[in-house]
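Novice: I have a structure I would like to understand better, so I am pasting it below and will then ask my questions one at a time.
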Amino acid sequence: MPASSEARLLELRAAGLSQARIARELNAEAVPTAHGGAWHTSTVARILARLSKTEQDPAA
């Protein structure tokens with residue numbers, strides 16, 4: 001996934017948006033996914049979980 005996409009996702013999360021709202025916003029802004037598809041709540045959740053795990057264990 002482009003670093004800019006990940007950064008935008010984190011900005012929206014920091015603003016307090018729900019995962020579903022983040023997906024809608026990213027789609028509305030035409031932010032690219034890793035494979036060029038549409039954003040879904042499950043995609044947002046998976047990325048946030050991965051980032052959270054990386055924060056907790058940078059070696060992961």
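Letters A, B, ... go to the chains of the structure tokens in the order shown; residues in each chain start at 1; ligands are counted from 1 in the same order.
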Enumerate the residues of chain A with a DSSP assignment of alpha helix (DSSP H), computed from the backbone, and present them as a ChimeraX atom specification.
Specialist: /A:3-14,19-28,41-56
Novice: For region 40-51 of chain A, find every residue with an atom within 6 Å (counting only C-alpha atoms), except residues of its own chain fewer than 6 positions away, and show them as number ranges by chain.
Specialist: A: 19-20, 23
